[in-house]
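Structure first, then comments.
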Amino acid sequence: MAASTTLNPPSSAMPGSDFARLSRKIADAGLMGRRPGYYALRVTVVAGLYVGGWAAVALIGDSWWTLTVAAFLAVVFGQVALLAHDAAHRQVFRRRRASEVSGRIAGAGIGMGYGWWQDKHTRHHANPNHEDLDPDLDPDLLVWSQDQARAATGLPRLIGRRQAFLFFPLLTLEGFNLHVSSVRALANRSLKHRALDGVLLFAHFAVYPTVLFWLLPLGMAIAFLAVHQCLFGVYLGSLFAPNHKGMPILKGEDRPDFLRRQVLTSRNVRGGRLTDIALGGLNHQIEHHLFPSMPSPNLRKARPIVRRHCEDLGVDYVETGLVTSYRLALVSLHQAGAPLRRPRTPA
């Protein structure tokens, strides 16, 4: 189904009531209830893989086979990031304190500033794909619209011309960017508990290289770090790229009601249970944006309810395969950079 060309609700719709009716259907289906057993198992498995991965590094030791463990730990770090995401949305625990403690522990395990990421992600959820309000559309390296391309300077202007071709190679830097952005955010006095975040971050940065250089020779440790962090960045970027890129971008006062704002800017990815595990449930992006505190295993069950509700309202519900979602994201990036590929006309 193609994305809608307009995000304004039809005149026959009643903004504010469509989502309320959907919420009642979801509540009646019992899909907002906690899933403690599921998360206990998931946390245990991911923690076991995390510890097991580092144990494998110690056991294999001075061998280039440790680079296979680096690739394995890149995936494990991505799964830890997904657990931090669920905790931040209170999918795991209902209480704020438990959610923040678990989220900070997970963030510390991968070198991510929890407070910075939670603030950024909360603003994204409030205004997904809004050029002025969604921090995920900041043109700090890539341009996401032709207006941004026309105003681009420096690196975004240079990269924007071929950004669709450079997108996946650039994702190799996303893990490093996560660490740098987390540290830079410590200077933001508006963030709560930034001192605690700083202690956890620098504890990670102290322990991580110490373990590597203790267990491995210098050259092998550097190679391990590069493979691990680069593949972690690719996995992390691949988790979020299919969800909104290539969907309509809001601008200025273009602010439809909550249901349409979330549905029309999001895209689901079809797949089975393996896709749910690999993408942490974010393949059900529409349901997640409508009900961010819904436990991720319930998102698949919510999908037919949400889809049917959207069909009844005449609201486009976009769902594609994984490969198609990446293709649409890359096409959107290529189109956004079009003004930078046009020859400049002489003054």
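Identifiers for the structure tokens are assigned positionally: chains receive A, B, ... in sequence, residues are indexed from 1 per chain, and ligands are indexed from 1 in the order shown.
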Within 12 Å of range 77-80 of chain A, which residues of range 84-134 of chain A show up? Give each one with its shortest atom-to-atom distance in Å (one decimal) and the two atoms involved, counting only C-alpha atoms, rows by chain then rising residue number, as a Markdown table.
```
| residue | atom | partner | partner_atom | distance |
| --- | --- | --- | --- | --- |
| A:Ala84 | CA | A:Val80 | CA | 6.3 |
| A:His85 | CA | A:Val80 | CA | 8.6 |
| A:Asp86 | CA | A:Val80 | CA | 9.9 |
| A:Ala87 | CA | A:Val80 | CA | 10.6 |
| A:Ser102 | CA | A:Val80 | CA | 10.8 |
| A:Gly103 | CA | A:Val80 | CA | 9.5 |
| A:Arg104 | CA | A:Val80 | CA | 11.0 |
| A:Ile105 | CA | A:Val80 | CA | 9.7 |
| A:Ala106 | CA | A:Val80 | CA | 6.0 |
| A:Gly107 | CA | A:Val80 | CA | 7.7 |
| A:Ala108 | CA | A:Val80 | CA | 9.9 |
| A:Gly109 | CA | A:Val80 | CA | 7.6 |
| A:Ile110 | CA | A:Phe77 | CA | 6.0 |
| A:Gly111 | CA | A:Phe77 | CA | 9.6 |
| A:Met112 | CA | A:Val80 | CA | 10.5 |
```
Save out the residues we just selected, N, CA, C and O atoms, as a short mmCIF file (atom, residue, chain, number, x, y, z; two decimals), in the first residue's frame.
```cif
data_model
loop_
_atom_site.label_atom_id
_atom_site.label_comp_id
_atom_site.auth_asym_id
_atom_site.auth_seq_id
_atom_site.Cartn_x
_atom_site.Cartn_y
_atom_site.Cartn_z
N ALA A 84 17.35 -1.97 26.39
CA ALA A 84 17.35 -0.62 26.95
C ALA A 84 16.18 0.18 26.38
O ALA A 84 15.53 0.96 27.09
N HIS A 85 15.92 -0.01 25.09
CA HIS A 85 14.79 0.66 24.43
C HIS A 85 13.47 0.26 25.09
O HIS A 85 12.63 1.11 25.42
N ASP A 86 13.27 -1.03 25.30
CA ASP A 86 12.02 -1.49 25.91
C ASP A 86 11.88 -0.99 27.35
O ASP A 86 10.78 -0.62 27.79
N ALA A 87 13.00 -0.97 28.07
CA ALA A 87 12.96 -0.47 29.45
C ALA A 87 12.60 1.01 29.49
O ALA A 87 11.81 1.45 30.34
N SER A 102 17.14 -0.37 35.16
CA SER A 102 17.44 -1.42 34.19
C SER A 102 17.94 -0.83 32.87
O SER A 102 18.86 -1.38 32.24
N GLY A 103 17.37 0.30 32.46
CA GLY A 103 17.82 0.95 31.23
C GLY A 103 19.24 1.45 31.34
O GLY A 103 20.03 1.32 30.40
N ARG A 104 19.60 2.00 32.49
CA ARG A 104 20.96 2.50 32.68
C ARG A 104 21.97 1.36 32.74
O ARG A 104 23.09 1.49 32.24
N ILE A 105 21.60 0.25 33.34
CA ILE A 105 22.50 -0.91 33.37
C ILE A 105 22.75 -1.41 31.96
O ILE A 105 23.89 -1.68 31.57
N ALA A 106 21.68 -1.51 31.17
CA ALA A 106 21.83 -1.96 29.78
C ALA A 106 22.66 -0.96 28.98
O ALA A 106 23.54 -1.34 28.21
N GLY A 107 22.37 0.34 29.18
CA GLY A 107 23.14 1.36 28.47
C GLY A 107 24.61 1.32 28.81
O GLY A 107 25.47 1.45 27.93
N ALA A 108 24.92 1.12 30.10
CA ALA A 108 26.32 1.04 30.52
C ALA A 108 27.02 -0.15 29.87
O ALA A 108 28.22 -0.09 29.57
N GLY A 109 26.28 -1.22 29.63
CA GLY A 109 26.88 -2.42 29.05
C GLY A 109 27.34 -2.23 27.62
O GLY A 109 28.20 -2.98 27.14
N ILE A 110 26.79 -1.22 26.92
CA ILE A 110 27.18 -1.00 25.52
C ILE A 110 27.79 0.38 25.30
O ILE A 110 28.08 0.76 24.16
N GLY A 111 27.97 1.15 26.39
CA GLY A 111 28.59 2.47 26.25
C GLY A 111 27.64 3.52 25.73
O GLY A 111 28.05 4.41 24.97
N MET A 112 26.39 3.48 26.14
CA MET A 112 25.37 4.44 25.71
C MET A 112 24.88 5.26 26.89
O MET A 112 24.59 4.70 27.95
#
```
With range 248-257 of chain A as the partner and 6 Å as the cut-off, tabulate the residues of range 124-228 of chain A that qualify, each row holding the nearest pair of atoms and their distance in Å to one decimal, using only C-alpha atoms, sorted by chain and rising number, as a Markdown table.
```
| residue | atom | partner | partner_atom | distance |
| --- | --- | --- | --- | --- |
| A:Asn129 | CA | A:Ile249 | CA | 5.1 |
| A:His130 | CA | A:Leu250 | CA | 4.4 |
| A:Glu131 | CA | A:Lys251 | CA | 5.5 |
```
Which residue, A:His89, A:Ala56, A:Ala164, A:Ala71, has the smallest gap to Ser293 in chain A when you use only C-alpha atoms?
->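 Looking at the shortest contact to Ser293 in chain A, the residue is A:His89.
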Would you kindly return, as a PyMOL selection string, each protein, DNA or RNA residue with an atom no farther than 10 Å from any atom of Ile277 in chain A, considering only C-alpha atoms and excluding same-chain residues fewer than 5 positions away?
-> chain A and resi 79+82+272+282-283+296-297
Taking the backbone alone, and naming residues the way the document does, which bits of range 44-278 of chain A are strand (DSSP E or B) by DSSP, as an MDAnalysis selection string?
-> chainID A and resid 130 250 268:269
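The interatomic distance for the pair CA of Met294 in chain A and CA of His309 in chain A works out to 17.5 Å.
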Selected residue of minimal separation from Ser266 in chain A among A:Ser181, A:Ser325, A:Ser63, A:Gln229, counting only C-alpha atoms =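 The shortest atom-to-atom distance to Ser266 in chain A comes from A:Ser325.
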Mind listing the alpha helix (DSSP H) residues of range 28-92 of chain A, per DSSP on the backbone, as a compact mmCIF listing (two decimals) with N, CA and C atoms, in the first residue's frame?
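The result, stored in part20.txt:
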```
# COMPACT_ATOMS: atom_id res chain seq x y z
N ASP A 28 -9.24 -4.01 25.62
CA ASP A 28 -10.16 -5.14 25.73
C ASP A 28 -9.48 -6.46 25.35
N PRO A 36 6.10 -10.29 32.38
CA PRO A 36 7.30 -10.52 33.20
C PRO A 36 8.05 -11.80 32.84
N GLY A 37 7.32 -12.85 32.53
CA GLY A 37 7.97 -14.11 32.17
C GLY A 37 8.79 -13.97 30.90
N TYR A 38 8.21 -13.32 29.90
CA TYR A 38 8.92 -13.11 28.63
C TYR A 38 10.20 -12.31 28.86
N TYR A 39 10.10 -11.20 29.60
CA TYR A 39 11.28 -10.35 29.77
C TYR A 39 12.31 -11.00 30.69
N ALA A 40 11.86 -11.78 31.66
CA ALA A 40 12.82 -12.50 32.50
C ALA A 40 13.65 -13.46 31.65
N LEU A 41 12.98 -14.17 30.74
CA LEU A 41 13.68 -15.10 29.85
C LEU A 41 14.60 -14.34 28.90
N ARG A 42 14.09 -13.25 28.31
CA ARG A 42 14.87 -12.49 27.34
C ARG A 42 16.11 -11.88 27.97
N VAL A 43 15.95 -11.28 29.15
CA VAL A 43 17.09 -10.68 29.85
C VAL A 43 18.11 -11.76 30.20
N THR A 44 17.64 -12.90 30.67
CA THR A 44 18.55 -13.99 31.03
C THR A 44 19.34 -14.47 29.82
N VAL A 45 18.66 -14.65 28.69
CA VAL A 45 19.33 -15.13 27.49
C VAL A 45 20.35 -14.10 27.00
N VAL A 46 19.95 -12.83 26.91
CA VAL A 46 20.87 -11.80 26.40
C VAL A 46 22.05 -11.61 27.34
N ALA A 47 21.78 -11.61 28.65
CA ALA A 47 22.88 -11.48 29.62
C ALA A 47 23.83 -12.67 29.51
N GLY A 48 23.27 -13.87 29.32
CA GLY A 48 24.10 -15.06 29.17
C GLY A 48 24.97 -14.99 27.92
N LEU A 49 24.39 -14.50 26.82
CA LEU A 49 25.16 -14.35 25.58
C LEU A 49 26.24 -13.29 25.73
N TYR A 50 25.92 -12.23 26.46
CA TYR A 50 26.89 -11.15 26.70
C TYR A 50 28.09 -11.68 27.47
N VAL A 51 27.82 -12.34 28.58
CA VAL A 51 28.90 -12.91 29.40
C VAL A 51 29.63 -14.01 28.64
N GLY A 52 28.87 -14.85 27.94
CA GLY A 52 29.47 -15.94 27.18
C GLY A 52 30.38 -15.44 26.08
N GLY A 53 30.01 -14.34 25.44
CA GLY A 53 30.84 -13.78 24.38
C GLY A 53 32.20 -13.34 24.90
N TRP A 54 32.20 -12.63 26.04
CA TRP A 54 33.47 -12.19 26.60
C TRP A 54 34.27 -13.37 27.15
N ALA A 55 33.58 -14.39 27.65
CA ALA A 55 34.28 -15.59 28.10
C ALA A 55 34.95 -16.29 26.91
N ALA A 56 34.29 -16.26 25.75
CA ALA A 56 34.87 -16.86 24.56
C ALA A 56 36.12 -16.12 24.13
N VAL A 57 36.12 -14.79 24.27
CA VAL A 57 37.32 -14.01 23.95
C VAL A 57 38.49 -14.46 24.83
N ALA A 58 38.20 -14.65 26.12
CA ALA A 58 39.25 -15.08 27.05
C ALA A 58 39.74 -16.49 26.72
N LEU A 59 38.82 -17.38 26.35
CA LEU A 59 39.20 -18.76 26.06
C LEU A 59 39.97 -18.90 24.75
N ILE A 60 39.52 -18.18 23.72
CA ILE A 60 40.19 -18.27 22.41
C ILE A 60 41.52 -17.54 22.45
N THR A 66 39.13 -14.84 17.22
CA THR A 66 38.39 -13.96 18.13
C THR A 66 37.56 -12.92 17.36
N LEU A 67 37.92 -12.67 16.11
CA LEU A 67 37.15 -11.70 15.33
C LEU A 67 35.73 -12.22 15.04
N THR A 68 35.57 -13.54 15.00
CA THR A 68 34.21 -14.08 14.86
C THR A 68 33.40 -13.79 16.13
N VAL A 69 34.08 -13.80 17.27
CA VAL A 69 33.40 -13.44 18.52
C VAL A 69 33.06 -11.96 18.52
N ALA A 70 33.92 -11.14 17.91
CA ALA A 70 33.63 -9.70 17.79
C ALA A 70 32.33 -9.48 17.02
N ALA A 71 32.15 -10.24 15.93
CA ALA A 71 30.91 -10.15 15.15
C ALA A 71 29.72 -10.61 15.98
N PHE A 72 29.90 -11.70 16.71
CA PHE A 72 28.84 -12.21 17.58
C PHE A 72 28.46 -11.17 18.64
N LEU A 73 29.45 -10.55 19.27
CA LEU A 73 29.16 -9.56 20.31
C LEU A 73 28.53 -8.29 19.74
N ALA A 74 28.77 -8.02 18.46
CA ALA A 74 28.11 -6.87 17.83
C ALA A 74 26.60 -7.07 17.83
N VAL A 75 26.17 -8.30 17.54
CA VAL A 75 24.74 -8.62 17.56
C VAL A 75 24.21 -8.58 18.99
N VAL A 76 25.00 -9.12 19.93
CA VAL A 76 24.58 -9.11 21.34
C VAL A 76 24.43 -7.67 21.85
N PHE A 77 25.36 -6.80 21.48
CA PHE A 77 25.25 -5.39 21.89
C PHE A 77 23.97 -4.78 21.33
N GLY A 78 23.62 -5.14 20.09
CA GLY A 78 22.37 -4.65 19.52
C GLY A 78 21.16 -5.13 20.30
N GLN A 79 21.20 -6.37 20.75
CA GLN A 79 20.10 -6.90 21.55
C GLN A 79 20.02 -6.21 22.91
N VAL A 80 21.18 -5.87 23.48
CA VAL A 80 21.18 -5.12 24.74
C VAL A 80 20.55 -3.74 24.52
N ALA A 81 20.88 -3.10 23.39
CA ALA A 81 20.30 -1.80 23.06
C ALA A 81 18.78 -1.90 22.95
N LEU A 82 18.29 -3.00 22.38
CA LEU A 82 16.85 -3.20 22.26
C LEU A 82 16.20 -3.37 23.63
N LEU A 83 16.88 -4.03 24.55
CA LEU A 83 16.36 -4.16 25.91
C LEU A 83 16.31 -2.80 26.60
N ALA A 84 17.35 -1.97 26.39
CA ALA A 84 17.35 -0.62 26.95
C ALA A 84 16.18 0.18 26.38
N HIS A 85 15.92 -0.01 25.09
CA HIS A 85 14.79 0.66 24.43
C HIS A 85 13.47 0.26 25.09
N ASP A 86 13.27 -1.03 25.30
CA ASP A 86 12.02 -1.49 25.91
C ASP A 86 11.88 -0.99 27.35
N ALA A 87 13.00 -0.97 28.07
CA ALA A 87 12.96 -0.47 29.45
C ALA A 87 12.60 1.01 29.49
N ALA A 88 13.16 1.78 28.57
CA ALA A 88 12.87 3.22 28.53
C ALA A 88 11.40 3.49 28.27
```
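For Phe202 in chain A, the residues within 12 Å (counting only C-alpha atoms, excluding itself and residues fewer than 3 positions away along the chain) are Gly107, Ala108, Gly109, Ile110, Gly111, Met112, Gly113, His179, Val180, Ser182, Val183, Leu186, Ala195, Leu196, Asp197, Gly198, Val199, Phe205, Ala206, Val207, Tyr208 and Pro209 of chain A.
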